[in-house]
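Data first, discussion second: the structure below is written as structure tokens.
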Amino acid sequence: MIQLTPQKRQLLMRTVTRRETSLLIFTLVLIVAVSIHSPRFLSVTNFNDILLNGAILAIASIGQMMVVITGGIDLSVGSGLALSGMLVGLIYKYDYGLNPLLALLLGALIGIALGSVNGVLVSKAGVPPIIASLGTMSIYRGLIFIVSKGQWVNAHEMPDSFIRLARGHILGIPNLIFMTIFFYVAFYYFLTHLKTGREIYAVGGNAEAARVAGISVDRIKYAVYAMSGFLYGLCGVLWVSRFASAQSDSATGFEFSTVTAIVIGGVSVFGGTGKITGVLLGAVLISIVENALAVTQVSPFWKLAIQGFIILLAVTVDAVMKNRDRKTVIRGRQV
Amino acid sequence: MSKLIRRWEFVLVVLLAAVFVIMSRLSPYFLDLRNLLDATLNFTEKGIIALCMALIVITGSVDLSVASNMAMSAAVMGIAYRSGMGIGTAAVLCLLVGTLGGFFNGIIITRFKLPAMVVTLASFSLFRGIAYVLLGNQAVTGYPYQFYDLGQGYFLGTYIPNQFVFFAVLAVIFGVVLHKTTFGRYIYAIGNNENACRYSGVPVDRIKLILFTISGLVSSFAAVLLTSRILSTRPNIAQGFELEVITAVVLGGVSINGGSGTMLGVVLSLLLIGFTRFGMSLLNVPAQVMTVLIGCLLIFAILLPKVLERVGQRPSSRA
């Protein structure tokens, strides 16, 4: 019994301190608290809304997650998303007949091009990621104004087939949910079972060691920004389809939502660690918080402040835990 | 002589001269002393923040929260004034809030050993959010007449704007601190090798805390000047200022990795960006195009030294 207890306790501690478990508990407490306050929060339609609103954020956050795991950050997510959405929207404005699936593909290609700019700046030119993407963030946002001449693409300028892309259903499941599941399964497999996926973690854990081990660090660093671009390019098209309009200020500050989602989900800002399941939970949690603000009629202006606070809290807790772990290791060695 | 030519500051002076020549050819209104003096209002608010940002970047950090801090402290000032406080008290409150904001960043960065970029990215969102929570979608207007003078007035009957005087005085102070004091030497030392500094007994954490606190103070001072100039407070003021401030610092020859750069370079690059902006506004270039150009300039300013390094003729901007 004396030998078993510490192991059992360790197992229990590990389950409780696992990010996914504590996130789930927190999410459940939040849902109970909000539904006591306003019962209509717990309706099926409302939950459908929450999932649909969280879907685009969840997909774009996968890209941000891979970038942050390599120790970088992509601040161009919001404006890159809006730019690819606007470009596709403009194509509809001038040529009515583009197949929606081709539009999705085109958005992804534009996204890859936009992400590649960050990728080349970071991997080839050695520009710090935060500075490179801060620059491209404002460049892309400015380009939206320039290509659209400040005008919106409105619902009547898009065909129904395109709008159905994000609003339609397959076998009763909303397309957006279907796509979210597809991307999460695909990237889960990529990050946990494929060589390149594992190399992303290796580069973030210790770039020098990864290089010595024969991994092309530059190639990985380029790839994560290109993949982030691929995902936000897709999301840009889905965004335009879901809201049936492309605006010059769409998705302003969206990059912060993705950063919040991943740090809540347990991705370390120091790079090297983070799970895709946590990111999904983080994105859903943000969507729930946003919805709860609306349902409890708290001013939507709180969103930005809450996001900042959550990022700060998550990184501080991480830093404290990291310090404690290191101390435990040292103590363990003395004993 | 060849040493002088290879200095980054010399490159900036040549570029500045080129801007003057090109702009005065393109617009007859450019080369007018009063216009040019008024045009300094284009950059003095951002410039005041850039002076402190230069010190922070030289230590190898960056403060992304400056513009949000401006919005937060300006919002507090607006609320305080609207609730019946005197404008002087409200302005002091604004400076206090901004300083506290900077102190808050500094404490978290130094206590928890977190990267400044991540912490100030979070407070970028937090401070802007607080400004929105305080003001909602309203604006505070109706500031008293005496308040106009601070940000719009001219210095003692000359044509020099008050703001430019503030900027010049602060630039001299920051320049002296950086280049002539032990504190300044420590700043370079931290940027070159933080660990070595810690082992040599340099109070690294205290210096960082002081720098981020001052960054908050100058941001809120810029907020007072901006409010006095545009005479209204909205939660979305100063959006994107951090981009321009960082661009000016990097274009001024401060290495983004820390350890090198001069105050003269930063002042020259502020003049360069400010007068380029003024010239382009004379030519009716839209604001969005300018944002794109500033973003390109930022990336160009970082790439250029790296390219030159590869060629092997990097202009030195060491102090």
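The chains in the structure tokens are called A, B, ... from first to last as shown; in each chain the residues are counted from 1, and the ligands are counted from 1 in the order shown.
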Would you mind listing, as an MDAnalysis selection string, all residues of chain A that have at least one atom within 8 Å of chain B, where only C-alpha atoms are what counts? chainID A and resid 125 127:128 130:132 134:136 138:143 145:146 256 269 299 301:309 311:312 315:316 319:320
Output file for the residues above (N, CA, C and O atoms, as a short mmCIF file (atom, residue, chain, number, x, y, z; two decimals), in the first residue's frame):
data_model
loop_
_atom_site.label_atom_id
_atom_site.label_comp_id
_atom_site.auth_asym_id
_atom_site.auth_seq_id
_atom_site.Cartn_x
_atom_site.Cartn_y
_atom_site.Cartn_z
N ALA A 125 15.61 35.23 -44.04
CA ALA A 125 16.23 36.51 -43.72
C ALA A 125 16.48 36.68 -42.23
O ALA A 125 17.11 37.64 -41.82
N VAL A 127 14.43 37.49 -39.84
CA VAL A 127 13.69 38.56 -39.18
C VAL A 127 12.91 37.96 -38.00
O VAL A 127 12.31 36.90 -38.16
N PRO A 128 12.93 38.61 -36.82
CA PRO A 128 12.16 38.05 -35.71
C PRO A 128 10.68 37.92 -36.10
O PRO A 128 10.12 38.85 -36.69
N ILE A 130 7.79 38.14 -34.69
CA ILE A 130 6.80 39.12 -34.27
C ILE A 130 6.90 40.39 -35.12
O ILE A 130 5.90 41.00 -35.48
N ILE A 131 8.13 40.75 -35.51
CA ILE A 131 8.32 41.96 -36.30
C ILE A 131 7.89 41.71 -37.75
O ILE A 131 7.19 42.52 -38.36
N ALA A 132 8.30 40.54 -38.30
CA ALA A 132 7.93 40.23 -39.68
C ALA A 132 6.41 40.23 -39.83
O ALA A 132 5.86 40.84 -40.76
N LEU A 134 4.18 41.55 -37.82
CA LEU A 134 3.60 42.87 -37.53
C LEU A 134 3.62 43.72 -38.80
O LEU A 134 2.66 44.42 -39.13
N GLY A 135 4.72 43.61 -39.54
CA GLY A 135 4.81 44.33 -40.81
C GLY A 135 3.79 43.83 -41.82
O GLY A 135 3.04 44.62 -42.39
N THR A 136 3.75 42.50 -42.02
CA THR A 136 2.81 41.97 -43.02
C THR A 136 1.37 42.20 -42.58
O THR A 136 0.48 42.39 -43.41
N SER A 138 0.09 44.86 -41.24
CA SER A 138 -0.41 46.15 -41.71
C SER A 138 -0.36 46.25 -43.23
O SER A 138 -1.20 46.90 -43.84
N ILE A 139 0.60 45.55 -43.83
CA ILE A 139 0.65 45.57 -45.30
C ILE A 139 -0.61 44.91 -45.87
O ILE A 139 -1.28 45.46 -46.75
N TYR A 140 -0.96 43.73 -45.36
CA TYR A 140 -2.14 43.02 -45.88
C TYR A 140 -3.42 43.81 -45.63
O TYR A 140 -4.30 43.89 -46.48
N ARG A 141 -3.51 44.42 -44.43
CA ARG A 141 -4.72 45.21 -44.13
C ARG A 141 -4.82 46.39 -45.09
O ARG A 141 -5.90 46.70 -45.60
N GLY A 142 -3.68 47.03 -45.34
CA GLY A 142 -3.69 48.16 -46.27
C GLY A 142 -4.06 47.71 -47.68
O GLY A 142 -4.80 48.39 -48.39
N LEU A 143 -3.54 46.52 -48.08
CA LEU A 143 -3.83 46.01 -49.42
C LEU A 143 -5.33 45.76 -49.61
O LEU A 143 -5.86 45.94 -50.72
N PHE A 145 -7.79 47.50 -48.41
CA PHE A 145 -8.38 48.79 -48.77
C PHE A 145 -8.07 49.15 -50.21
O PHE A 145 -8.90 49.65 -50.95
N ILE A 146 -6.83 48.85 -50.62
CA ILE A 146 -6.41 49.25 -51.96
C ILE A 146 -7.13 48.42 -53.02
O ILE A 146 -7.67 48.98 -53.98
N PHE A 256 -5.47 37.84 -32.31
CA PHE A 256 -5.44 37.72 -30.84
C PHE A 256 -6.34 36.60 -30.36
O PHE A 256 -6.02 35.93 -29.40
N VAL A 269 4.26 29.40 -24.93
CA VAL A 269 4.80 30.48 -25.76
C VAL A 269 6.30 30.36 -25.93
O VAL A 269 6.90 31.05 -26.74
N SER A 299 -21.54 44.13 -22.03
CA SER A 299 -21.10 44.86 -23.21
C SER A 299 -20.06 44.06 -24.00
O SER A 299 -19.12 43.51 -23.42
N PHE A 301 -17.78 45.08 -25.57
CA PHE A 301 -16.48 45.74 -25.47
C PHE A 301 -15.56 45.05 -24.47
O PHE A 301 -14.36 45.29 -24.46
N TRP A 302 -16.14 44.19 -23.62
CA TRP A 302 -15.31 43.47 -22.65
C TRP A 302 -14.42 42.43 -23.33
O TRP A 302 -13.43 42.00 -22.77
N LYS A 303 -14.79 41.99 -24.55
CA LYS A 303 -14.12 40.87 -25.18
C LYS A 303 -12.59 41.06 -25.26
O LYS A 303 -11.82 40.18 -24.88
N LEU A 304 -12.20 42.24 -25.74
CA LEU A 304 -10.77 42.51 -25.95
C LEU A 304 -10.01 42.44 -24.63
O LEU A 304 -8.94 41.83 -24.53
N ALA A 305 -10.59 43.08 -23.60
CA ALA A 305 -9.93 43.11 -22.29
C ALA A 305 -9.81 41.70 -21.72
O ALA A 305 -8.77 41.31 -21.20
N ILE A 306 -10.91 40.93 -21.84
CA ILE A 306 -10.89 39.57 -21.31
C ILE A 306 -9.84 38.73 -22.03
O ILE A 306 -9.07 38.00 -21.41
N GLN A 307 -9.76 38.89 -23.37
CA GLN A 307 -8.76 38.14 -24.14
C GLN A 307 -7.35 38.44 -23.65
O GLN A 307 -6.55 37.54 -23.42
N GLY A 308 -7.05 39.74 -23.49
CA GLY A 308 -5.73 40.13 -23.02
C GLY A 308 -5.44 39.54 -21.66
O GLY A 308 -4.35 39.02 -21.40
N PHE A 309 -6.45 39.61 -20.78
CA PHE A 309 -6.28 39.09 -19.44
C PHE A 309 -6.02 37.59 -19.46
O PHE A 309 -5.13 37.09 -18.76
N ILE A 311 -4.72 35.74 -21.91
CA ILE A 311 -3.38 35.44 -22.41
C ILE A 311 -2.36 35.63 -21.29
O ILE A 311 -1.51 34.79 -21.03
N LEU A 312 -2.50 36.78 -20.60
CA LEU A 312 -1.56 37.10 -19.52
C LEU A 312 -1.59 36.03 -18.44
O LEU A 312 -0.56 35.55 -17.97
N VAL A 315 -0.04 32.60 -19.70
CA VAL A 315 1.42 32.55 -19.81
C VAL A 315 2.08 32.66 -18.44
O VAL A 315 3.11 32.05 -18.18
N THR A 316 1.46 33.44 -17.52
CA THR A 316 2.04 33.56 -16.19
C THR A 316 1.96 32.23 -15.45
O THR A 316 2.94 31.78 -14.85
N ALA A 319 4.56 29.97 -16.75
CA ALA A 319 5.89 30.30 -16.27
C ALA A 319 6.09 29.82 -14.84
O ALA A 319 7.14 29.27 -14.50
N VAL A 320 5.06 30.00 -14.01
CA VAL A 320 5.16 29.55 -12.61
C VAL A 320 5.33 28.04 -12.55
O VAL A 320 6.20 27.52 -11.85
#
Within stretch 72-227 of chain A, find each residue whose DSSP state, derived from the backbone, is helix (DSSP H, G or I), and express the selection as number ranges by chain. A: 77-94, 100-123, 129-148, 155-157, 160-167, 175-193, 195-205, 207-212, 217-227
Find the residues near B:Pro203: any atom within 10 Å, counting only C-alpha atoms, skip ones fewer than 5 places away on the same chain, and give them as a PDB file with N, CA, C and O atoms, in the first residue's frame.
ATOM      1  N   PHE B 183      23.966  53.968 -16.478  1.00  0.00           N
ATOM      2  CA  PHE B 183      22.693  53.352 -16.792  1.00  0.00           C
ATOM      3  C   PHE B 183      22.622  53.022 -18.282  1.00  0.00           C
ATOM      4  O   PHE B 183      22.221  51.921 -18.684  1.00  0.00           O
ATOM      5  N   TYR B 186      24.817  50.114 -19.187  1.00  0.00           N
ATOM      6  CA  TYR B 186      24.160  48.872 -18.792  1.00  0.00           C
ATOM      7  C   TYR B 186      23.143  48.432 -19.849  1.00  0.00           C
ATOM      8  O   TYR B 186      22.983  47.252 -20.131  1.00  0.00           O
ATOM      9  N   ILE B 190      23.158  44.834 -21.455  1.00  0.00           N
ATOM     10  CA  ILE B 190      22.066  43.852 -21.358  1.00  0.00           C
ATOM     11  C   ILE B 190      21.706  43.332 -22.748  1.00  0.00           C
ATOM     12  O   ILE B 190      21.494  42.146 -22.952  1.00  0.00           O
ATOM     13  N   CYS B 197      25.634  39.911 -17.945  1.00  0.00           N
ATOM     14  CA  CYS B 197      25.319  41.053 -17.093  1.00  0.00           C
ATOM     15  C   CYS B 197      24.867  40.611 -15.716  1.00  0.00           C
ATOM     16  O   CYS B 197      25.274  41.169 -14.698  1.00  0.00           O
ATOM     17  N   ARG B 198      24.010  39.588 -15.702  1.00  0.00           N
ATOM     18  CA  ARG B 198      23.519  39.102 -14.407  1.00  0.00           C
ATOM     19  C   ARG B 198      24.688  38.623 -13.548  1.00  0.00           C
ATOM     20  O   ARG B 198      24.773  38.929 -12.358  1.00  0.00           O
ATOM     21  N   LYS B 208      15.202  46.840 -16.439  1.00  0.00           N
ATOM     22  CA  LYS B 208      14.060  46.547 -17.316  1.00  0.00           C
ATOM     23  C   LYS B 208      12.781  47.137 -16.740  1.00  0.00           C
ATOM     24  O   LYS B 208      11.967  47.725 -17.467  1.00  0.00           O
TER      25      LYS B 208
END
Residue nearest B:Ala67 among B:Leu226, B:Val285, B:Val19, B:Met280 (counting only C-alpha atoms): B:Leu226
Can you pull out the residues contacting A:Gly272? Cut-off 8 Å, using only C-alpha atoms, and skip same-chain residues under 4 positions away; I want them as a list in words.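 The residues satisfying every condition are Ile69, Thr70, Gly71, Ile200, Tyr201, Ala202, Val203, Gly204, Gly205, Asn206 and Ser268 of chain A.
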Output file for the selection above: N, CA and C atoms, as a short mmCIF file (atom, residue, chain, number, x, y, z; two decimals), in the first residue's frame:
data_model
loop_
_atom_site.label_atom_id
_atom_site.label_comp_id
_atom_site.auth_asym_id
_atom_site.auth_seq_id
_atom_site.Cartn_x
_atom_site.Cartn_y
_atom_site.Cartn_z
N ILE A 69 4.55 26.66 -31.79
CA ILE A 69 5.35 25.51 -31.34
C ILE A 69 6.80 25.65 -31.81
N THR A 70 7.02 26.25 -32.99
CA THR A 70 8.41 26.46 -33.43
C THR A 70 9.04 27.66 -32.73
N GLY A 71 8.30 28.31 -31.82
CA GLY A 71 8.87 29.45 -31.11
C GLY A 71 8.57 30.78 -31.79
N ILE A 200 8.39 19.57 -36.35
CA ILE A 200 7.95 20.88 -35.87
C ILE A 200 8.20 21.00 -34.37
N TYR A 201 7.84 19.92 -33.63
CA TYR A 201 8.07 19.93 -32.18
C TYR A 201 9.56 19.96 -31.87
N ALA A 202 10.33 19.21 -32.67
CA ALA A 202 11.76 19.14 -32.43
C ALA A 202 12.42 20.51 -32.58
N VAL A 203 12.02 21.23 -33.65
CA VAL A 203 12.59 22.56 -33.89
C VAL A 203 12.24 23.51 -32.75
N GLY A 204 10.99 23.41 -32.26
CA GLY A 204 10.58 24.29 -31.18
C GLY A 204 11.23 23.94 -29.86
N GLY A 205 11.46 22.65 -29.63
CA GLY A 205 12.07 22.22 -28.38
C GLY A 205 13.51 22.69 -28.28
N ASN A 206 14.27 22.48 -29.33
CA ASN A 206 15.67 22.90 -29.32
C ASN A 206 16.16 22.94 -30.76
N SER A 268 2.76 26.19 -25.20
CA SER A 268 3.70 27.07 -24.49
C SER A 268 4.23 28.15 -25.42
#
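Atom CA of A:Gly54 to atom CA of A:Leu102 spans 24.0 Å [interatomic distance, one decimal].
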